[in-house]
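Dumped work22.txt below, it's compact mmCIF, C-alpha atoms:
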# COMPACT_ATOMS: atom_id res chain seq x y z
CA MET A 1 -18.69 14.55 1.97
CA ASP A 2 -20.93 11.71 0.78
CA ALA A 3 -21.44 8.46 2.71
CA GLN A 4 -19.19 6.38 0.49
CA THR A 5 -16.28 8.83 0.79
CA VAL A 6 -16.58 8.94 4.59
CA ILE A 7 -16.49 5.15 4.76
CA ALA A 8 -13.58 4.80 2.33
CA LYS A 9 -11.49 7.50 4.02
CA ARG A 10 -12.01 5.98 7.46
CA ILE A 11 -11.09 2.49 6.32
CA ALA A 12 -7.95 3.83 4.65
CA GLN A 13 -6.76 4.77 8.17
CA GLU A 14 -6.60 1.03 8.94
CA LEU A 15 -3.92 0.44 6.29
CA ARG A 16 -0.36 -0.18 7.48
CA ASP A 17 2.92 -0.22 5.60
CA GLY A 18 3.61 -3.53 3.83
CA MET A 19 0.13 -4.98 4.24
CA LEU A 20 -1.38 -7.36 1.68
CA VAL A 21 -4.96 -6.15 1.21
CA ASN A 22 -7.94 -7.31 -0.87
CA LEU A 23 -10.65 -4.79 -1.75
CA GLY A 24 -14.10 -5.97 -2.78
CA ILE A 25 -16.24 -4.27 -5.40
CA GLY A 26 -18.28 -1.14 -4.60
CA ILE A 27 -17.30 1.10 -1.68
CA PRO A 28 -14.24 -1.05 -0.78
CA THR A 29 -12.62 -0.24 -4.14
CA LEU A 30 -12.64 3.47 -3.19
CA VAL A 31 -10.31 2.79 -0.24
CA ALA A 32 -7.39 2.60 -2.69
CA ASN A 33 -7.88 6.32 -3.42
CA TYR A 34 -7.08 7.31 0.17
CA VAL A 35 -3.96 5.32 1.11
CA PRO A 36 -2.18 7.49 3.71
CA ARG A 37 0.93 9.22 2.42
CA GLY A 38 4.22 7.45 3.07
CA ILE A 39 2.93 3.92 3.33
CA HIS A 40 3.03 1.20 0.70
CA VAL A 41 0.28 -1.38 0.51
CA PHE A 42 0.09 -4.46 -1.74
CA PHE A 43 -3.39 -4.71 -3.24
CA GLN A 44 -4.51 -8.16 -4.36
CA SER A 45 -7.11 -8.87 -7.02
CA GLU A 46 -8.37 -12.39 -6.49
CA ASN A 47 -8.27 -13.17 -10.20
CA GLY A 48 -4.51 -13.47 -9.72
CA LEU A 49 -2.66 -10.18 -9.20
CA ILE A 50 -0.73 -8.49 -6.42
CA GLY A 51 0.21 -4.89 -7.14
CA THR A 52 -3.05 -3.79 -8.71
CA GLY A 53 -2.72 -0.22 -9.96
CA ALA A 54 -5.09 2.46 -11.19
CA VAL A 55 -7.32 2.25 -14.24
CA PRO A 56 -5.16 2.68 -17.37
CA GLU A 57 -5.23 5.80 -19.54
CA PRO A 58 -7.71 5.57 -22.45
CA GLY A 59 -6.33 3.33 -25.18
CA MET A 60 -3.68 1.83 -22.87
CA ALA A 61 -5.63 -1.14 -21.49
CA HIS A 62 -4.16 -4.64 -21.79
CA LYS A 63 -6.77 -7.34 -22.40
CA ASP A 64 -4.99 -9.75 -20.04
CA LEU A 65 -4.58 -7.36 -17.11
CA THR A 66 -7.83 -6.90 -15.24
CA ASP A 67 -9.35 -6.78 -11.78
CA ALA A 68 -11.78 -9.32 -10.32
CA GLY A 69 -14.65 -7.56 -12.10
CA GLY A 70 -12.92 -8.01 -15.47
CA ARG A 71 -12.14 -4.30 -15.76
CA PRO A 72 -8.75 -3.18 -17.08
CA VAL A 73 -6.22 -2.17 -14.44
CA THR A 74 -2.52 -1.37 -14.40
CA ALA A 75 0.18 -3.19 -12.47
CA LEU A 76 2.52 -1.32 -10.14
CA PRO A 77 6.30 -1.89 -10.10
CA GLY A 78 6.87 -5.10 -8.14
CA ALA A 79 3.53 -6.59 -9.19
CA CYS A 80 3.16 -10.32 -9.69
CA THR A 81 0.53 -12.60 -11.21
CA PHE A 82 -0.48 -16.16 -10.38
CA ASP A 83 -3.21 -18.75 -10.84
CA SER A 84 -6.44 -19.01 -8.84
CA ALA A 85 -5.17 -21.80 -6.56
CA MET A 86 -2.31 -19.53 -5.43
CA SER A 87 -4.66 -16.58 -5.15
CA PHE A 88 -6.95 -18.41 -2.75
CA GLY A 89 -4.01 -20.02 -0.98
CA LEU A 90 -2.96 -16.47 -0.12
CA ILE A 91 -6.50 -15.65 1.03
CA ARG A 92 -7.36 -18.83 2.93
CA GLY A 93 -3.86 -19.57 4.18
CA GLY A 94 -3.58 -16.56 6.45
CA HIS A 95 -1.31 -14.53 4.17
CA LEU A 96 -3.83 -11.78 3.51
CA ASP A 97 -3.52 -9.08 6.19
CA MET A 98 -6.84 -7.41 5.53
CA THR A 99 -9.92 -7.75 3.39
CA VAL A 100 -12.49 -5.00 2.88
CA LEU A 101 -15.92 -6.12 1.73
CA GLY A 102 -19.38 -4.72 1.25
CA GLY A 103 -22.26 -6.01 3.36
CA LEU A 104 -26.01 -6.56 3.28
CA GLN A 105 -26.37 -7.27 7.02
CA VAL A 106 -24.12 -7.61 10.06
CA ASP A 107 -25.41 -9.22 13.26
CA ALA A 108 -24.79 -8.31 16.91
CA HIS A 109 -21.88 -10.77 17.07
CA GLY A 110 -20.22 -9.41 13.93
CA ARG A 111 -21.33 -12.10 11.54
CA LEU A 112 -21.75 -10.95 7.95
CA ALA A 113 -24.34 -11.69 5.28
CA ASN A 114 -23.30 -10.31 1.91
CA TRP A 115 -23.78 -12.83 -0.87
CA MET A 116 -27.42 -13.50 -1.58
CA ILE A 117 -31.04 -12.46 -1.14
CA PRO A 118 -32.99 -15.71 -1.52
CA GLY A 119 -35.41 -15.63 -4.45
CA LYS A 120 -34.21 -12.19 -5.53
CA MET A 121 -30.49 -11.93 -6.01
CA VAL A 122 -28.38 -15.05 -6.24
CA PRO A 123 -25.13 -13.94 -7.83
CA GLY A 124 -22.98 -16.58 -6.10
CA MET A 125 -20.49 -16.06 -3.33
CA GLY A 126 -17.46 -15.66 -5.59
CA GLY A 127 -14.51 -15.21 -3.25
CA ALA A 128 -16.44 -13.69 -0.33
CA MET A 129 -16.69 -16.84 1.83
CA ASP A 130 -12.97 -17.54 1.47
CA LEU A 131 -12.06 -13.91 2.20
CA VAL A 132 -14.15 -13.64 5.36
CA THR A 133 -13.01 -17.06 6.59
CA GLY A 134 -9.34 -16.68 5.77
CA ALA A 135 -8.16 -13.07 6.01
CA LYS A 136 -6.32 -12.02 9.16
CA ARG A 137 -8.55 -8.99 9.51
CA VAL A 138 -12.01 -8.53 8.02
CA VAL A 139 -13.34 -4.99 7.59
CA VAL A 140 -16.85 -4.36 6.27
CA ALA A 141 -17.74 -1.15 4.44
CA MET A 142 -21.46 -0.56 4.23
CA GLN A 143 -24.09 2.11 4.53
CA HIS A 144 -25.65 2.09 7.98
CA THR A 145 -29.20 1.61 6.67
CA ALA A 146 -30.88 0.60 3.41
CA LYS A 147 -33.93 2.70 2.48
CA GLY A 148 -34.25 3.62 6.15
CA ASN A 149 -34.06 0.00 7.35
CA PRO A 150 -31.21 -0.92 9.70
CA LYS A 151 -28.61 -3.29 8.29
CA ILE A 152 -27.01 -3.92 11.68
CA VAL A 153 -29.39 -6.41 13.27
CA ASN A 154 -29.53 -8.86 16.19
CA GLN A 155 -29.73 -11.78 13.83
CA CYS A 156 -29.17 -11.80 10.06
CA SER A 157 -32.27 -12.76 8.10
CA LEU A 158 -30.07 -13.33 5.04
CA PRO A 159 -27.72 -16.32 4.60
CA LEU A 160 -24.37 -15.84 6.35
CA THR A 161 -21.12 -15.53 4.44
CA SER A 162 -19.11 -17.15 7.25
CA LEU A 163 -19.48 -18.03 10.94
CA ARG A 164 -16.23 -16.14 11.54
CA PRO A 165 -17.10 -12.68 12.93
CA ILE A 166 -15.75 -9.60 11.20
CA ASP A 167 -13.25 -7.39 13.01
CA LEU A 168 -14.45 -3.90 12.13
CA LEU A 169 -17.55 -2.35 10.61
CA VAL A 170 -17.37 1.13 9.12
CA THR A 171 -20.49 3.02 8.06
CA GLU A 172 -21.09 6.68 7.25
CA LEU A 173 -22.31 7.11 10.85
CA ALA A 174 -20.00 4.99 12.97
CA VAL A 175 -17.14 2.60 13.51
CA ILE A 176 -18.23 -0.55 15.30
CA GLY A 177 -16.00 -3.28 16.74
CA PHE A 178 -16.87 -6.67 18.24
CA PRO A 179 -14.78 -7.17 21.41
CA ASP A 180 -15.95 -10.27 23.32
CA GLY A 181 -18.39 -10.97 20.48
CA ARG A 182 -20.59 -7.92 21.19
CA ALA A 183 -21.22 -5.05 18.79
CA THR A 184 -19.56 -2.03 20.39
CA LEU A 185 -19.63 1.58 19.21
CA LEU A 186 -16.05 2.78 18.85
CA GLU A 187 -16.38 6.05 16.90
CA THR A 188 -19.02 8.35 15.47
CA ALA A 189 -18.64 10.30 12.23
CA PRO A 190 -18.20 14.08 12.45
CA GLY A 191 -21.55 15.68 13.30
CA VAL A 192 -23.17 12.36 14.27
CA THR A 193 -24.28 11.70 17.87
CA VAL A 194 -24.38 8.40 19.74
CA GLU A 195 -28.19 8.71 19.71
CA ASP A 196 -28.19 9.02 15.91
CA VAL A 197 -26.27 5.76 15.69
CA LEU A 198 -28.47 3.92 18.19
CA LYS A 199 -31.61 5.11 16.43
CA ASN A 200 -30.40 3.62 13.14
CA THR A 201 -29.15 0.34 14.58
CA ALA A 202 -31.43 -2.64 15.21
CA ALA A 203 -28.79 -4.75 16.98
CA GLU A 204 -28.01 -4.41 20.64
CA LEU A 205 -25.07 -2.01 20.56
CA VAL A 206 -22.71 -1.40 23.47
CA ALA A 207 -22.12 2.37 23.72
CA PRO A 208 -19.29 3.31 26.09
CA LYS A 209 -19.50 6.65 27.96
CA ARG A 210 -16.81 8.14 25.78
CA VAL A 211 -16.95 7.53 22.05
CA ALA A 212 -14.19 8.97 19.86
CA GLN A 213 -14.82 10.94 16.69
CA MET A 214 -14.01 9.20 13.43
CA SER A 215 -10.66 10.21 11.90
CA LEU A 216 -10.79 10.68 8.15
CA GLY A 217 -7.05 11.32 7.70
CA ALA A 218 -5.42 14.17 5.86
CA MET B 219 0.50 -33.86 -27.98
CA GLN B 220 -1.24 -33.63 -31.32
CA THR B 221 -1.91 -30.53 -33.39
CA ILE B 222 -5.44 -30.22 -34.65
CA ALA B 223 -7.69 -27.82 -36.57
CA LEU B 224 -10.22 -25.90 -34.52
CA SER B 225 -13.27 -27.48 -36.16
CA GLU B 226 -11.89 -31.02 -35.73
CA ALA B 227 -11.07 -30.41 -32.08
CA VAL B 228 -14.59 -29.26 -31.33
CA ALA B 229 -16.05 -32.11 -33.42
CA MET B 230 -14.53 -34.50 -30.82
CA ILE B 231 -16.70 -32.95 -28.10
CA PRO B 232 -20.06 -34.76 -27.88
CA ASP B 233 -23.37 -33.32 -26.69
CA GLU B 234 -23.69 -33.58 -22.89
CA ALA B 235 -19.91 -33.36 -22.41
CA SER B 236 -18.52 -31.78 -19.27
CA LEU B 237 -16.14 -28.92 -20.03
CA MET B 238 -13.77 -27.04 -17.80
CA VAL B 239 -13.08 -23.67 -19.38
CA GLY B 240 -10.35 -21.25 -18.38
CA GLY B 241 -11.12 -17.60 -17.80
CA PHE B 242 -12.21 -15.08 -15.23
CA MET B 243 -14.93 -12.75 -16.49
CA ALA B 244 -13.91 -13.88 -20.01
CA VAL B 245 -10.27 -12.86 -19.46
CA GLY B 246 -8.15 -15.89 -20.38
CA THR B 247 -10.99 -17.78 -22.07
CA PRO B 248 -10.18 -19.65 -25.32
CA GLU B 249 -12.70 -17.69 -27.39
CA PRO B 250 -12.11 -19.56 -30.70
CA LEU B 251 -13.11 -22.83 -29.00
CA VAL B 252 -16.20 -21.20 -27.49
CA ASP B 253 -17.21 -19.71 -30.87
CA GLU B 254 -16.77 -23.08 -32.56
CA LEU B 255 -18.87 -24.83 -29.88
CA VAL B 256 -21.63 -22.34 -30.69
CA ARG B 257 -21.17 -22.86 -34.46
CA GLN B 258 -21.38 -26.65 -34.10
CA ALA B 259 -24.24 -26.22 -31.58
CA LYS B 260 -23.09 -28.74 -28.98
CA ARG B 261 -26.00 -29.27 -26.62
CA ARG B 262 -26.72 -29.96 -22.96
CA LEU B 263 -23.16 -29.13 -21.94
CA THR B 264 -21.92 -29.04 -18.36
CA LEU B 265 -19.67 -26.03 -17.76
CA ILE B 266 -17.17 -25.91 -14.92
CA ALA B 267 -15.61 -22.46 -14.68
CA ASN B 268 -15.09 -19.59 -12.30
CA ASP B 269 -18.05 -17.62 -13.67
CA THR B 270 -20.25 -17.42 -16.76
CA ALA B 271 -18.88 -14.01 -17.82
CA MET B 272 -21.55 -11.82 -19.36
CA PRO B 273 -23.94 -12.32 -22.28
CA GLY B 274 -21.97 -12.41 -25.53
CA ALA B 275 -18.52 -12.76 -23.91
CA GLY B 276 -16.46 -15.85 -23.08
CA ILE B 277 -18.62 -18.79 -22.07
CA GLY B 278 -21.53 -16.37 -21.75
CA LYS B 279 -21.88 -17.09 -25.49
CA LEU B 280 -22.71 -20.73 -24.69
CA ILE B 281 -25.35 -19.64 -22.19
CA SER B 282 -26.83 -17.16 -24.70
CA ALA B 283 -27.01 -19.90 -27.34
CA GLY B 284 -28.95 -22.19 -24.97
CA LEU B 285 -26.32 -24.93 -25.10
CA VAL B 286 -25.79 -25.37 -21.37
CA ALA B 287 -27.66 -27.75 -19.06
CA ARG B 288 -25.49 -27.45 -15.97
CA VAL B 289 -23.05 -24.95 -14.49
CA ILE B 290 -20.61 -25.32 -11.62
CA ALA B 291 -19.22 -21.85 -10.87
CA SER B 292 -18.49 -19.43 -8.06
CA HIS B 293 -20.21 -16.38 -9.50
CA ILE B 294 -22.95 -15.76 -12.06
CA GLY B 295 -23.83 -12.25 -10.90
CA LEU B 296 -22.75 -10.48 -14.09
CA ASN B 297 -24.68 -12.81 -16.38
CA PRO B 298 -28.44 -12.26 -15.99
CA GLU B 299 -29.10 -15.03 -18.55
CA THR B 300 -27.49 -17.64 -16.28
CA GLN B 301 -29.47 -16.32 -13.31
CA LYS B 302 -32.66 -16.44 -15.33
CA GLY B 303 -31.90 -20.00 -16.45
CA MET B 304 -31.27 -20.99 -12.85
CA LEU B 305 -34.51 -19.47 -11.56
CA SER B 306 -36.56 -21.06 -14.38
CA ARG B 307 -34.69 -24.36 -13.77
CA GLU B 308 -33.57 -24.58 -17.38
CA ILE B 309 -29.98 -24.54 -16.15
CA GLU B 310 -28.89 -26.47 -13.08
CA VAL B 311 -26.45 -24.23 -11.23
CA GLU B 312 -24.13 -25.31 -8.43
CA LEU B 313 -22.51 -22.31 -6.74
CA VAL B 314 -19.20 -23.07 -5.06
CA PRO B 315 -16.93 -20.65 -3.16
CA GLN B 316 -14.17 -19.63 -5.54
CA GLY B 317 -11.31 -20.93 -3.40
CA THR B 318 -13.16 -24.21 -2.89
CA LEU B 319 -13.92 -24.57 -6.61
CA ILE B 320 -10.30 -24.18 -7.67
CA GLU B 321 -9.15 -26.59 -4.92
CA ARG B 322 -11.75 -29.19 -5.94
CA ILE B 323 -10.44 -28.96 -9.51
CA ARG B 324 -6.86 -29.11 -8.26
CA ALA B 325 -7.74 -32.19 -6.20
CA GLY B 326 -9.26 -33.76 -9.31
CA GLY B 327 -6.10 -33.15 -11.27
CA PHE B 328 -3.63 -33.99 -8.53
CA GLY B 329 -5.00 -37.40 -7.61
CA LEU B 330 -6.50 -36.36 -4.27
CA GLY B 331 -9.74 -37.64 -2.77
CA GLY B 332 -10.85 -34.09 -2.03
CA VAL B 333 -9.85 -31.20 0.18
CA LEU B 334 -10.67 -30.03 3.70
CA THR B 335 -11.54 -26.34 3.84
CA PRO B 336 -12.81 -24.05 6.60
CA THR B 337 -14.62 -21.97 3.96
CA GLY B 338 -18.39 -22.36 4.11
CA VAL B 339 -18.62 -24.16 7.47
CA GLY B 340 -22.01 -23.36 9.00
CA THR B 341 -23.34 -21.67 5.84
CA LEU B 342 -25.58 -22.76 2.95
CA ALA B 343 -22.39 -23.94 1.19
CA ALA B 344 -22.10 -26.70 3.82
CA GLU B 345 -25.50 -28.24 3.13
CA GLY B 346 -25.28 -31.99 2.61
CA LYS B 347 -21.54 -32.04 3.21
CA THR B 348 -19.50 -33.95 5.75
CA THR B 349 -17.43 -32.04 8.30
CA VAL B 350 -14.20 -33.22 9.86
CA ASP B 351 -12.43 -31.86 12.94
CA VAL B 352 -8.67 -31.56 12.69
CA ASP B 353 -6.81 -30.38 15.79
CA GLY B 354 -9.96 -28.73 17.11
CA ARG B 355 -10.87 -26.88 13.91
CA THR B 356 -13.85 -27.80 11.73
CA PHE B 357 -13.46 -28.30 8.00
CA LEU B 358 -15.80 -29.19 5.14
CA VAL B 359 -14.97 -32.22 3.06
CA GLU B 360 -15.07 -31.04 -0.56
CA LYS B 361 -14.92 -33.63 -3.31
CA PRO B 362 -12.65 -33.50 -6.35
CA ILE B 363 -13.99 -32.39 -9.75
CA ARG B 364 -12.87 -33.66 -13.13
CA ALA B 365 -14.24 -33.08 -16.62
CA ASP B 366 -14.29 -34.75 -20.01
CA PHE B 367 -12.45 -31.84 -21.61
CA ALA B 368 -10.40 -28.87 -20.42
CA LEU B 369 -10.44 -25.89 -22.79
CA VAL B 370 -7.30 -23.94 -22.01
CA HIS B 371 -6.13 -20.51 -23.14
CA ALA B 372 -2.37 -19.92 -23.11
CA ARG B 373 -0.21 -16.97 -24.09
CA ALA B 374 2.27 -19.26 -25.81
CA ALA B 375 2.69 -22.94 -26.56
CA ASP B 376 5.87 -24.44 -27.96
CA TYR B 377 5.94 -27.20 -30.58
CA LEU B 378 5.84 -29.83 -27.83
CA GLY B 379 2.92 -28.26 -25.97
CA ASN B 380 4.71 -26.55 -23.08
CA LEU B 381 2.56 -23.59 -21.99
CA THR B 382 2.94 -20.14 -20.48
CA TYR B 383 0.20 -17.74 -19.51
CA ALA B 384 -0.23 -13.96 -19.60
CA LEU B 385 -0.82 -11.82 -16.49
CA THR B 386 -4.36 -12.29 -15.13
CA ALA B 387 -5.34 -14.50 -18.09
CA ARG B 388 -3.73 -17.37 -16.15
CA ASN B 389 -6.49 -17.81 -13.48
CA PHE B 390 -8.06 -21.30 -13.79
CA ASN B 391 -6.14 -22.36 -16.93
CA PRO B 392 -3.12 -24.23 -15.50
CA VAL B 393 -5.30 -25.93 -12.88
CA ILE B 394 -7.96 -27.23 -15.30
CA ALA B 395 -5.17 -28.44 -17.60
CA MET B 396 -4.51 -31.13 -14.97
CA ALA B 397 -8.11 -32.21 -14.36
CA ALA B 398 -9.70 -33.44 -17.60
CA GLU B 399 -9.59 -36.56 -19.73
CA LYS B 400 -8.64 -34.50 -22.79
CA VAL B 401 -6.85 -31.15 -22.70
CA ILE B 402 -7.35 -28.85 -25.69
CA VAL B 403 -5.22 -25.70 -25.87
CA CYS B 404 -5.71 -22.48 -27.78
CA ALA B 405 -2.49 -20.44 -27.65
CA GLU B 406 -2.02 -16.87 -28.80
CA SER B 407 1.29 -17.85 -30.32
CA ILE B 408 2.99 -21.13 -31.12
CA VAL B 409 6.76 -20.95 -30.79
CA PRO B 410 9.75 -23.23 -31.39
CA VAL B 411 10.94 -25.42 -28.54
CA GLY B 412 13.32 -23.46 -26.34
CA VAL B 413 11.68 -20.08 -26.88
CA ILE B 414 9.87 -20.64 -23.60
CA PRO B 415 12.71 -21.16 -21.12
CA PRO B 416 12.29 -24.34 -19.03
CA ASP B 417 11.74 -22.38 -15.84
CA GLN B 418 9.02 -20.25 -17.45
CA VAL B 419 6.91 -23.26 -18.44
CA VAL B 420 3.82 -23.40 -16.21
CA THR B 421 2.02 -26.36 -17.79
CA PRO B 422 4.33 -29.19 -18.91
CA ALA B 423 3.79 -30.53 -22.44
CA PRO B 424 2.89 -34.12 -21.43
CA VAL B 425 -0.47 -33.01 -19.96
CA VAL B 426 -1.57 -31.34 -23.21
CA ASP B 427 -3.47 -33.59 -25.63
CA TYR B 428 -4.35 -31.22 -28.47
CA LEU B 429 -2.98 -27.87 -29.63
CA ILE B 430 -5.16 -25.88 -32.00
CA VAL B 431 -3.24 -24.88 -35.13
CA GLN B 432 -3.70 -21.33 -36.31

For this file, write the structure as structure tokens.
Amino acid sequence: MDAQTVIAKRIAQELRDGMLVNLGIGIPTLVANYVPRGIHVFFQSENGLIGTGAVPEPGMAHKDLTDAGGRPVTALPGACTFDSAMSFGLIRGGHLDMTVLGGLQVDAHGRLANWMIPGKMVPGMGGAMDLVTGAKRVVVAMQHTAKGNPKIVNQCSLPLTSLRPIDLLVTELAVIGFPDGRATLLETAPGVTVEDVLKNTAAELVAPKRVAQMSLGA
Amino acid sequence: MQTIALSEAVAMIPDEASLMVGGFMAVGTPEPLVDELVRQAKRRLTLIANDTAMPGAGIGKLISAGLVARVIASHIGLNPETQKGMLSREIEVELVPQGTLIERIRAGGFGLGGVLTPTGVGTLAAEGKTTVDVDGRTFLVEKPIRADFALVHARAADYLGNLTYALTARNFNPVIAMAAEKVIVCAESIVPVGVIPPDQVVTPAPVVDYLIVQ
């Protein structure tokens, strides 16, 4: 199983029946493929849609029904559409149960940097700052390292997305939480040891004596 | 509301005008108005929109044609030409969190002196901005935005100018329709009064200044 699939499958285990959830682009989008059987989740696209469905069959796309990347999607029964003020009212106003975003760096207190690399990549924050500030639960999906360099660091060198710490970080190696504001190892992926995780993490990481194995669902 | 030909509507827009344009990655953008702006080569425009789409689509066409001096947007990541213009300082770009951008426009259209938002506190987005504490929570003071013209895309307009929008093509459109000195609408269909039921009207006719005839 590749890194992205491990991350997406683990995050899907965080979904609960009836949740309103926003998925960012990249790995987060894959989470929708692994919704546990028997639960119904409302997926929001921040361009103004709740009830985002799969990519339409070839030739069946509607030009006015897209996701936040402008790609055609379908709408599930019970879907609704709205303007951008409503969309961000849902996000900022505490109505969004969970957001899943990609990350460039996460610090030892759970603060996320994911929107720019000064001088190199300045795409704009889009909805990321509102999502991290406003969602009830913030889950970050990212690879543990980039080209061998740790992305979980004591202090982010990149500009922060929000001062609000994230709630859960899922990588292909581990699940990390931030109780009392300290990065804490909660689970390791199948076949991964605590030492493997520590070796690839630059932040101070609390490692309890017993660390559970990551569940990837059915 | 006045009906107007496309070329005449765009002829009203001077060089250096500020334009709010509906659309999210070119979905819900009034493309005929954008194409006509390119044809008439309006220069040094200020664009206020969610994003600058991609080269050759939506308002990305204005960037490609070199007609834009300033952009206020939340995301330019899918338009390398805007990023290039920003880095070479040919285009002044102000990046605003998406939820803050739409609220600043809403404030501009709703007669408010701005909005207080927790988004961006303690980040680069807070630079140069005032903060206010309300009941122990810190907020940024974000000022209202208005424009000379709002270029709105609607699914349908009736003969009076009442508007409805389609699916995710709604996005910024009904909000910008409140926040500009002149509101110009491109509708996919123009229908008799009553075809849009009163409770399906999203933008009321009195805020529309011009409806492009087809």

Surrounding residues of B:Asn389 excluding itself and chain neighbours under 5 positions, 12 Å, only C-alpha atoms, as an mmCIF file with C-alpha atoms, in the coordinates of the input:
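Full text of selection-v1.cif as output:
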data_model
loop_
_atom_site.group_PDB
_atom_site.id
_atom_site.type_symbol
_atom_site.label_atom_id
_atom_site.label_comp_id
_atom_site.auth_asym_id
_atom_site.auth_seq_id
_atom_site.Cartn_x
_atom_site.Cartn_y
_atom_site.Cartn_z
ATOM 1 C CA SER A 45 -7.110 -8.870 -7.020
ATOM 2 C CA GLU A 46 -8.370 -12.390 -6.490
ATOM 3 C CA ASN A 47 -8.270 -13.170 -10.200
ATOM 4 C CA GLY A 48 -4.510 -13.470 -9.720
ATOM 5 C CA LEU A 49 -2.660 -10.180 -9.200
ATOM 6 C CA ASP A 64 -4.990 -9.750 -20.040
ATOM 7 C CA LEU A 65 -4.580 -7.360 -17.110
ATOM 8 C CA THR A 66 -7.830 -6.900 -15.240
ATOM 9 C CA ASP A 67 -9.350 -6.780 -11.780
ATOM 10 C CA ALA A 68 -11.780 -9.320 -10.320
ATOM 11 C CA GLY A 70 -12.920 -8.010 -15.470
ATOM 12 C CA THR A 81 0.530 -12.600 -11.210
ATOM 13 C CA PHE A 82 -0.480 -16.160 -10.380
ATOM 14 C CA ASP A 83 -3.210 -18.750 -10.840
ATOM 15 C CA SER A 84 -6.440 -19.010 -8.840
ATOM 16 C CA ALA A 85 -5.170 -21.800 -6.560
ATOM 17 C CA MET A 86 -2.310 -19.530 -5.430
ATOM 18 C CA SER A 87 -4.660 -16.580 -5.150
ATOM 19 C CA PHE A 88 -6.950 -18.410 -2.750
ATOM 20 C CA VAL B 239 -13.080 -23.670 -19.380
ATOM 21 C CA GLY B 240 -10.350 -21.250 -18.380
ATOM 22 C CA GLY B 241 -11.120 -17.600 -17.800
ATOM 23 C CA PHE B 242 -12.210 -15.080 -15.230
ATOM 24 C CA MET B 243 -14.930 -12.750 -16.490
ATOM 25 C CA ALA B 244 -13.910 -13.880 -20.010
ATOM 26 C CA VAL B 245 -10.270 -12.860 -19.460
ATOM 27 C CA GLY B 246 -8.150 -15.890 -20.380
ATOM 28 C CA THR B 247 -10.990 -17.780 -22.070
ATOM 29 C CA ALA B 267 -15.610 -22.460 -14.680
ATOM 30 C CA ASN B 268 -15.090 -19.590 -12.300
ATOM 31 C CA ASP B 269 -18.050 -17.620 -13.670
ATOM 32 C CA GLN B 316 -14.170 -19.630 -5.540
ATOM 33 C CA GLY B 317 -11.310 -20.930 -3.400
ATOM 34 C CA ILE B 320 -10.300 -24.180 -7.670
ATOM 35 C CA VAL B 370 -7.300 -23.940 -22.010
ATOM 36 C CA HIS B 371 -6.130 -20.510 -23.140
ATOM 37 C CA ALA B 372 -2.370 -19.920 -23.110
ATOM 38 C CA THR B 382 2.940 -20.140 -20.480
ATOM 39 C CA TYR B 383 0.200 -17.740 -19.510
ATOM 40 C CA ALA B 384 -0.230 -13.960 -19.600
ATOM 41 C CA ILE B 394 -7.960 -27.230 -15.300
ATOM 42 C CA ALA B 395 -5.170 -28.440 -17.600
#

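Atom CA of B:Val409 to atom CA of B:Gly379 spans 9.6 Å [interatomic distance, one decimal].
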
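For the choices A:Ala189, A:Ala146, A:Met129, A:Val170, the atom-to-atom distance to B:Thr318 is smallest for A:Met129 when using only C-alpha atoms.
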
What's around B:Ala423 at 8 Å? Count all atoms listed in the file, leave out sequence neighbours fewer than 4 positions away in its own chain, and write the answer as a ChimeraX atom specification. /B:219,378-381

Min atom-atom distance to chain B from the set A:Ala128, A:Ala3, A:Val55, A:Ile117, counting all atoms listed in the file, belongs to A:Ala128

List the residues sitting within 8 Å of (-8.9, -27.0, 5.8) in the file's frame, using all atoms listed in the file, as number ranges by chain. B: 333-337, 356-358

Around the point (-4.7, 12.7, 8.9), in the coordinates given by the file, pick out the residues reaching within 12 Å, counting all atoms listed in the file, and return them as number ranges by chain. A: 9-10, 12-14, 34-38, 214-218

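The spacing separating atom CA of A:Arg111 from atom CA of A:Gly181 amounts to 9.5 Å.
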
Hey, could you pull the box centre and edge lengths for stretch 398-411 of chain B, axis-aligned, 6 Å padding per side, all listed atoms, to one decimal in Å, as JSON?
{"center_x": 0.6, "center_y": -26.7, "center_z": -24.5, "size_x": 32.6, "size_y": 31.7, "size_z": 25.8}

Quick one: everything within 10 Å of A:Asn200, counting only C-alpha atoms, minus sequence neighbours fewer than 6 positions away in the same chain. Send it as a PDB file with C-alpha atoms, keeping the file's coordinate frame.
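Contents of the output file selection19.pdb:
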ATOM      1  CA  HIS A 144     -25.650   2.090   7.980  1.00  0.00           C
ATOM      2  CA  THR A 145     -29.200   1.610   6.670  1.00  0.00           C
ATOM      3  CA  GLY A 148     -34.250   3.620   6.150  1.00  0.00           C
ATOM      4  CA  ASN A 149     -34.060   0.000   7.350  1.00  0.00           C
ATOM      5  CA  PRO A 150     -31.210  -0.920   9.700  1.00  0.00           C
ATOM      6  CA  LYS A 151     -28.610  -3.290   8.290  1.00  0.00           C
ATOM      7  CA  ILE A 152     -27.010  -3.920  11.680  1.00  0.00           C
ATOM      8  CA  LEU A 173     -22.310   7.110  10.850  1.00  0.00           C
TER       9      LEU A 173
END

Tell me which protein, DNA and RNA residues are within 8 Å of B:Asp233, counting all atoms listed in the file, leaving out same-chain ones fewer than 4 positions away, and put them as a list in words. Lys260, Arg261, Arg262 and Leu263 of chain B

Would you compute the distance between atom CA of B:Ile294 and atom CA of A:Gly26? Give it in Å to one decimal. 17.1 Å

Counting all atoms listed in the file, what is within 12 Å of A:Gln105, bar same-chain residues fewer than 5 positions away, as number ranges by chain? A: 110-117, 140-146, 149-161, 166, 169, 171, 201-203
